[in-house]
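Next comes target33.cif, a file with mmCIF, C-alpha atoms.
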```
data_work
#
loop_
_atom_site.label_atom_id
_atom_site.label_comp_id
_atom_site.auth_asym_id
_atom_site.auth_seq_id
_atom_site.Cartn_x
_atom_site.Cartn_y
_atom_site.Cartn_z
CA MET B 91 114.97 35.34 106.58
CA ALA B 92 114.26 37.09 109.87
CA ILE B 93 116.57 36.32 112.76
CA ASP B 94 115.45 34.89 116.10
CA LEU B 95 115.27 38.09 118.15
CA GLU B 96 115.09 36.32 121.52
CA ASN B 97 118.28 34.37 120.82
CA ALA B 98 119.93 37.47 119.40
CA ARG B 99 119.17 39.36 122.61
CA GLU B 100 120.65 36.58 124.75
CA ARG B 101 123.81 36.53 122.62
CA MET B 102 124.03 40.31 123.02
CA VAL B 103 123.96 40.00 126.81
CA VAL B 104 126.56 37.23 126.91
CA GLU B 105 128.95 38.41 124.19
CA GLN B 106 128.65 42.20 124.36
CA LEU B 107 127.96 42.77 128.06
CA GLU B 108 129.14 39.92 130.29
CA ARG B 109 132.34 39.34 128.33
CA ARG B 110 133.16 43.05 128.49
CA GLY B 111 132.84 43.20 132.25
CA ILE B 112 129.25 44.18 133.04
CA LYS B 113 128.68 42.41 136.37
CA ASP B 114 125.57 43.97 137.96
CA GLN B 115 123.04 41.13 137.75
CA ARG B 116 120.08 43.52 137.87
CA VAL B 117 121.47 45.37 134.85
CA LEU B 118 122.00 42.12 132.97
CA ASP B 119 118.46 41.04 133.83
CA ALA B 120 117.10 44.36 132.54
CA MET B 121 119.02 44.04 129.29
CA ARG B 122 117.60 40.54 128.86
CA ARG B 123 114.08 41.69 129.62
CA ILE B 124 113.84 44.91 127.59
CA ALA B 125 113.47 44.18 123.88
CA ARG B 126 115.67 46.68 122.01
CA HIS B 127 113.96 45.96 118.69
CA ARG B 128 110.73 47.54 120.00
CA PHE B 129 112.45 50.91 119.90
CA LEU B 130 113.55 50.61 116.26
CA PRO B 131 111.79 50.80 112.89
CA ALA B 132 110.73 47.38 111.60
CA GLU B 133 113.34 47.44 108.85
CA LEU B 134 116.10 47.52 111.49
CA HIS B 135 114.80 44.70 113.70
CA ASP B 136 117.30 42.21 112.30
CA HIS B 137 120.09 44.54 113.48
CA ALA B 138 118.54 45.40 116.85
CA TYR B 139 121.10 43.43 118.85
CA ASP B 140 124.16 44.41 116.84
CA ASP B 141 127.11 45.86 118.72
CA GLY B 142 126.62 49.53 117.94
CA PRO B 143 124.24 52.48 117.76
CA LEU B 144 121.48 52.58 115.14
CA PRO B 145 119.58 55.49 113.55
CA ILE B 146 116.12 56.39 114.84
CA GLY B 147 115.51 59.47 112.69
CA ASP B 148 116.13 63.20 113.08
CA ALA B 149 119.91 62.55 113.05
CA GLN B 150 119.58 60.72 116.39
CA THR B 151 120.53 57.18 117.39
CA ILE B 152 119.65 54.43 119.83
CA SER B 153 122.73 53.85 121.95
CA GLN B 154 125.01 50.83 121.71
CA PRO B 155 123.74 48.09 124.08
CA TYR B 156 127.05 48.04 125.95
CA MET B 157 126.86 51.79 126.63
CA VAL B 158 123.28 51.47 127.93
CA ALA B 159 124.41 48.69 130.26
CA LEU B 160 127.55 50.54 131.36
CA MET B 161 125.70 53.75 132.22
CA SER B 162 123.08 51.72 134.08
CA GLU B 163 125.77 49.89 136.05
CA VAL B 164 127.62 53.11 136.85
CA ALA B 165 124.37 54.52 138.26
CA GLU B 166 124.42 51.78 140.96
CA LEU B 167 120.64 51.51 141.14
CA LYS B 168 119.07 49.34 143.84
CA GLY B 169 115.41 49.75 142.89
CA VAL B 170 114.38 52.55 145.26
CA GLU B 171 115.79 55.57 143.43
CA LYS B 172 114.13 58.50 141.73
CA VAL B 173 115.93 59.05 138.41
CA LEU B 174 116.00 61.93 135.95
CA GLU B 175 117.02 61.06 132.39
CA VAL B 176 118.02 63.96 130.15
CA GLY B 177 117.46 62.80 126.59
CA THR B 178 114.68 60.22 126.18
CA GLY B 179 115.69 59.55 122.57
CA SER B 180 114.34 56.18 121.47
CA GLY B 181 113.13 55.36 124.99
CA TYR B 182 115.34 52.26 125.29
CA GLN B 183 117.50 53.55 128.14
CA THR B 184 114.33 54.88 129.77
CA ALA B 185 112.78 51.41 129.80
CA VAL B 186 115.95 49.85 131.22
CA LEU B 187 115.99 52.47 133.98
CA ALA B 188 112.30 51.80 134.69
CA TYR B 189 113.24 48.18 135.44
CA LEU B 190 116.09 49.24 137.73
CA ALA B 191 114.68 52.25 139.64
CA ALA B 192 111.52 53.24 141.49
CA ASP B 193 110.56 56.17 139.24
CA VAL B 194 112.02 57.59 136.04
CA TYR B 195 111.44 61.14 134.82
CA SER B 196 112.68 61.65 131.28
CA ILE B 197 112.95 64.81 129.15
CA GLU B 198 113.39 64.97 125.37
CA PHE B 199 114.20 68.14 123.44
CA ASN B 200 112.99 66.81 120.07
CA PRO B 201 109.16 66.74 120.06
CA HIS B 202 108.98 64.06 117.35
CA LEU B 203 111.22 61.69 119.34
CA HIS B 204 109.30 62.54 122.51
CA ASP B 205 105.99 61.56 120.89
CA ARG B 206 107.44 58.37 119.41
CA ALA B 207 109.02 57.26 122.70
CA ARG B 208 105.80 58.00 124.57
CA VAL B 209 103.81 55.67 122.32
CA ILE B 210 106.34 52.85 122.72
CA LEU B 211 106.77 53.23 126.48
CA ASN B 212 103.00 53.51 127.05
CA SER B 213 102.51 50.30 125.07
CA MET B 214 104.81 48.55 127.56
CA GLY B 215 102.60 49.49 130.51
CA LEU B 216 105.40 51.12 132.49
CA GLY B 217 103.65 52.86 135.36
CA ASN B 218 106.80 54.42 136.81
CA VAL B 219 107.86 56.46 133.77
CA PHE B 220 107.01 60.15 133.40
CA LEU B 221 107.85 62.00 130.19
CA ARG B 222 108.23 65.63 129.25
CA ALA B 223 109.18 67.49 126.07
CA GLY B 224 111.61 70.36 126.65
CA ASP B 225 115.15 71.45 127.34
CA GLY B 226 116.74 68.94 129.68
CA SER B 227 119.40 71.49 130.64
CA ASP B 228 116.89 72.86 133.12
CA GLY B 229 116.21 69.48 134.66
CA TRP B 230 112.77 68.96 136.21
CA PRO B 231 112.78 71.38 139.18
CA GLU B 232 109.29 70.64 140.49
CA GLU B 233 110.16 66.93 140.82
CA ALA B 234 113.65 67.42 142.28
CA PRO B 235 115.66 66.22 144.07
CA PHE B 236 116.78 63.09 142.20
CA ASP B 237 118.99 60.26 143.41
CA VAL B 238 120.45 59.84 139.93
CA ILE B 239 120.55 62.11 136.89
CA MET B 240 121.61 60.44 133.66
CA VAL B 241 122.42 62.49 130.58
CA THR B 242 122.27 60.51 127.34
CA ALA B 243 123.70 63.12 124.96
CA ALA B 244 127.17 64.64 124.77
CA MET B 245 127.69 67.78 126.84
CA PRO B 246 130.60 70.26 126.68
CA GLY B 247 130.32 70.69 130.46
CA ILE B 248 128.04 70.03 133.40
CA ALA B 249 124.88 72.10 133.75
CA LEU B 250 124.77 73.62 137.24
CA ALA B 251 120.98 73.33 137.24
CA LEU B 252 121.32 69.55 137.08
CA LEU B 253 123.83 69.33 139.92
CA ASN B 254 121.52 71.46 142.05
CA GLN B 255 118.73 68.91 141.56
CA LEU B 256 120.63 65.98 143.08
CA THR B 257 119.99 64.62 146.55
CA PRO B 258 122.95 65.01 148.96
CA ALA B 259 124.11 61.47 148.11
CA GLY B 260 123.03 61.69 144.47
CA ARG B 261 125.11 61.13 141.38
CA LEU B 262 125.12 62.46 137.85
CA ILE B 263 126.29 60.32 134.93
CA ALA B 264 127.04 62.02 131.62
CA PRO B 265 129.30 61.94 128.52
CA ILE B 266 131.41 65.08 128.80
CA GLY B 267 133.88 66.42 126.24
CA GLU B 268 134.16 67.48 122.62
CA ASP B 269 131.46 67.04 120.00
CA GLU B 270 133.19 63.98 118.47
CA LEU B 271 134.61 62.25 121.57
CA GLN B 272 133.62 62.31 125.23
CA THR B 273 134.45 60.66 128.53
CA LEU B 274 131.76 58.97 130.60
CA VAL B 275 131.83 60.77 133.95
CA ARG B 276 130.10 60.14 137.28
CA ILE B 277 129.87 63.17 139.55
CA SER B 278 128.78 62.84 143.17
CA HIS B 279 128.76 64.79 146.41
CA ALA B 280 128.51 61.95 148.91
CA THR B 281 131.79 62.81 150.64
CA GLY B 282 130.85 66.46 151.21
CA HIS B 283 132.66 67.75 148.13
CA TRP B 284 132.19 67.19 144.42
CA SER B 285 134.13 64.24 143.06
CA GLU B 286 134.49 62.89 139.55
CA GLU B 287 135.06 59.32 138.38
CA TYR B 288 135.80 58.33 134.80
CA PHE B 289 134.62 55.25 132.90
CA GLY B 290 136.28 55.48 129.51
CA GLU B 291 135.79 57.19 126.19
CA CYS B 292 132.44 57.27 124.40
CA ARG B 293 130.65 58.88 121.47
CA PHE B 294 127.17 60.29 121.83
CA VAL B 295 125.12 62.59 119.64
CA LYS B 296 125.44 66.22 120.66
CA MET B 297 123.10 67.68 123.24
CA THR B 298 120.95 70.58 122.13
CA GLY B 299 119.51 73.31 124.33
CA LYS B 300 121.13 75.81 126.65
CA SER B 301 123.77 73.44 128.02
CA GLY B 302 124.45 71.70 124.71
CA PHE B 303 126.83 72.47 121.87
CA GLN B 304 126.18 75.84 120.27
CA ASP B 305 126.82 75.45 116.53
#
```
For the file at hand, write its structure as structure tokens.
Amino acid sequence: MAIDLENARERMVVEQLERRGIKDQRVLDAMRRIARHRFLPAELHDHAYDDGPLPIGDAQTISQPYMVALMSEVAELKGVEKVLEVGTGSGYQTAVLAYLAADVYSIEFNPHLHDRARVILNSMGLGNVFLRAGDGSDGWPEEAPFDVIMVTAAMPGIALALLNQLTPAGRLIAPIGEDELQTLVRISHATGHWSEEYFGECRFVKMTGKSGFQD
């Protein structure tokens, strides 16, 4: 018997997000509004609001709801920002960002995932989302600068090209570390020098491309 997806989403927000310390009301509203099951195959809909990542094909995953909410909260979005997302993946984080920011530019290295996310996001009528297939290591130079750059795949280090595409008060959020375990890092330049803040350990799929892991 299929579960009640609306109730499951509300339980996710209360039990997985609010109880773990997510406080930004705009982020909580976005997580209530964006239906995670839309970004998953039909056979996984009953698990869409489980507390963990889920497979979306091509050895990639849709991120754990808590991690999507945490990265969104760390970005400190007020609704006026121009955001670059490196790693469209399923498109779920993209849709959440579209609710929280003015414009979202998202790049996906895997052409199959790019095409799949485009269909889903277009079906949602999001007029402030712009997608590109390619290597996110290079950013999106012709649309720079960005107020926020969010990387949704594990990186061994920060790509200089991304830092160079931030506004003076911009911030970059990314999982940085080894291929099996990373730390969620926010890097900013608001004080006139680069500073780093850390928000706990995390596990993301490895980034591919020039700034990713070279197997």
Practice prompt. Would you kindly return, as number ranges by chain, each protein, DNA or RNA residue with an atom no farther than 12 Å from any atom of region 258-275 of chain B, considering all atoms listed in the file and excluding same-chain residues fewer than 6 positions away?
Written response: B: 157-158, 160-167, 171-177, 229, 234-252, 281-298, 301-305
For the structure shown, which residues end up in the PyMOL selection byres ((chain B and resi 122) around 9)? Put them as a compact mmCIF listing (two decimals) with C-alpha atoms, in the coordinates of the input, please?
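Below is the file part.txt, written as the result:
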```txt
# COMPACT_ATOMS: atom_id res chain seq x y z
CA GLU B 96 115.09 36.32 121.52
CA ARG B 99 119.17 39.36 122.61
CA GLU B 100 120.65 36.58 124.75
CA MET B 102 124.03 40.31 123.02
CA VAL B 103 123.96 40.00 126.81
CA VAL B 117 121.47 45.37 134.85
CA LEU B 118 122.00 42.12 132.97
CA ASP B 119 118.46 41.04 133.83
CA ALA B 120 117.10 44.36 132.54
CA MET B 121 119.02 44.04 129.29
CA ARG B 123 114.08 41.69 129.62
CA ILE B 124 113.84 44.91 127.59
CA ALA B 125 113.47 44.18 123.88
```
Fill in: Atomic separation - CA of Phe199 (chain B) relative to CA of Ala223 (chain B), Å
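Separation of CA of Ala223 (chain B) and CA of Phe199 (chain B): 5.7 Å.
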Discussion item. I'd like the residues picked by the PyMOL selection byres ((chain B and resi 154) around 9) written out as a ChimeraX atom specification, using the chain letters and numbers from the file.
Written reply: /B:139-144,151-153,155-159
Worksheet entry | the PyMOL selection byres ((chain B and resi 135-138) around 9) applied to the shown file, residues as a PyMOL selection string | chain B and resi 92-95+98-99+125-134+139-141+144
Practice prompt. Around the point (114.3, 72.2, 125.9), in the coordinates given by the file, pick out the residues reaching within 6 Å, counting all atoms listed in the file, and return them as a PyMOL selection string.
Written response: chain B and resi 199+224-226+299
Worksheet item: Pick from B:Arg222, B:Gly217, B:Leu107, B:Val186: nearest to Glu198 (chain B), with only C-alpha atoms counted?
Response: B:Arg222
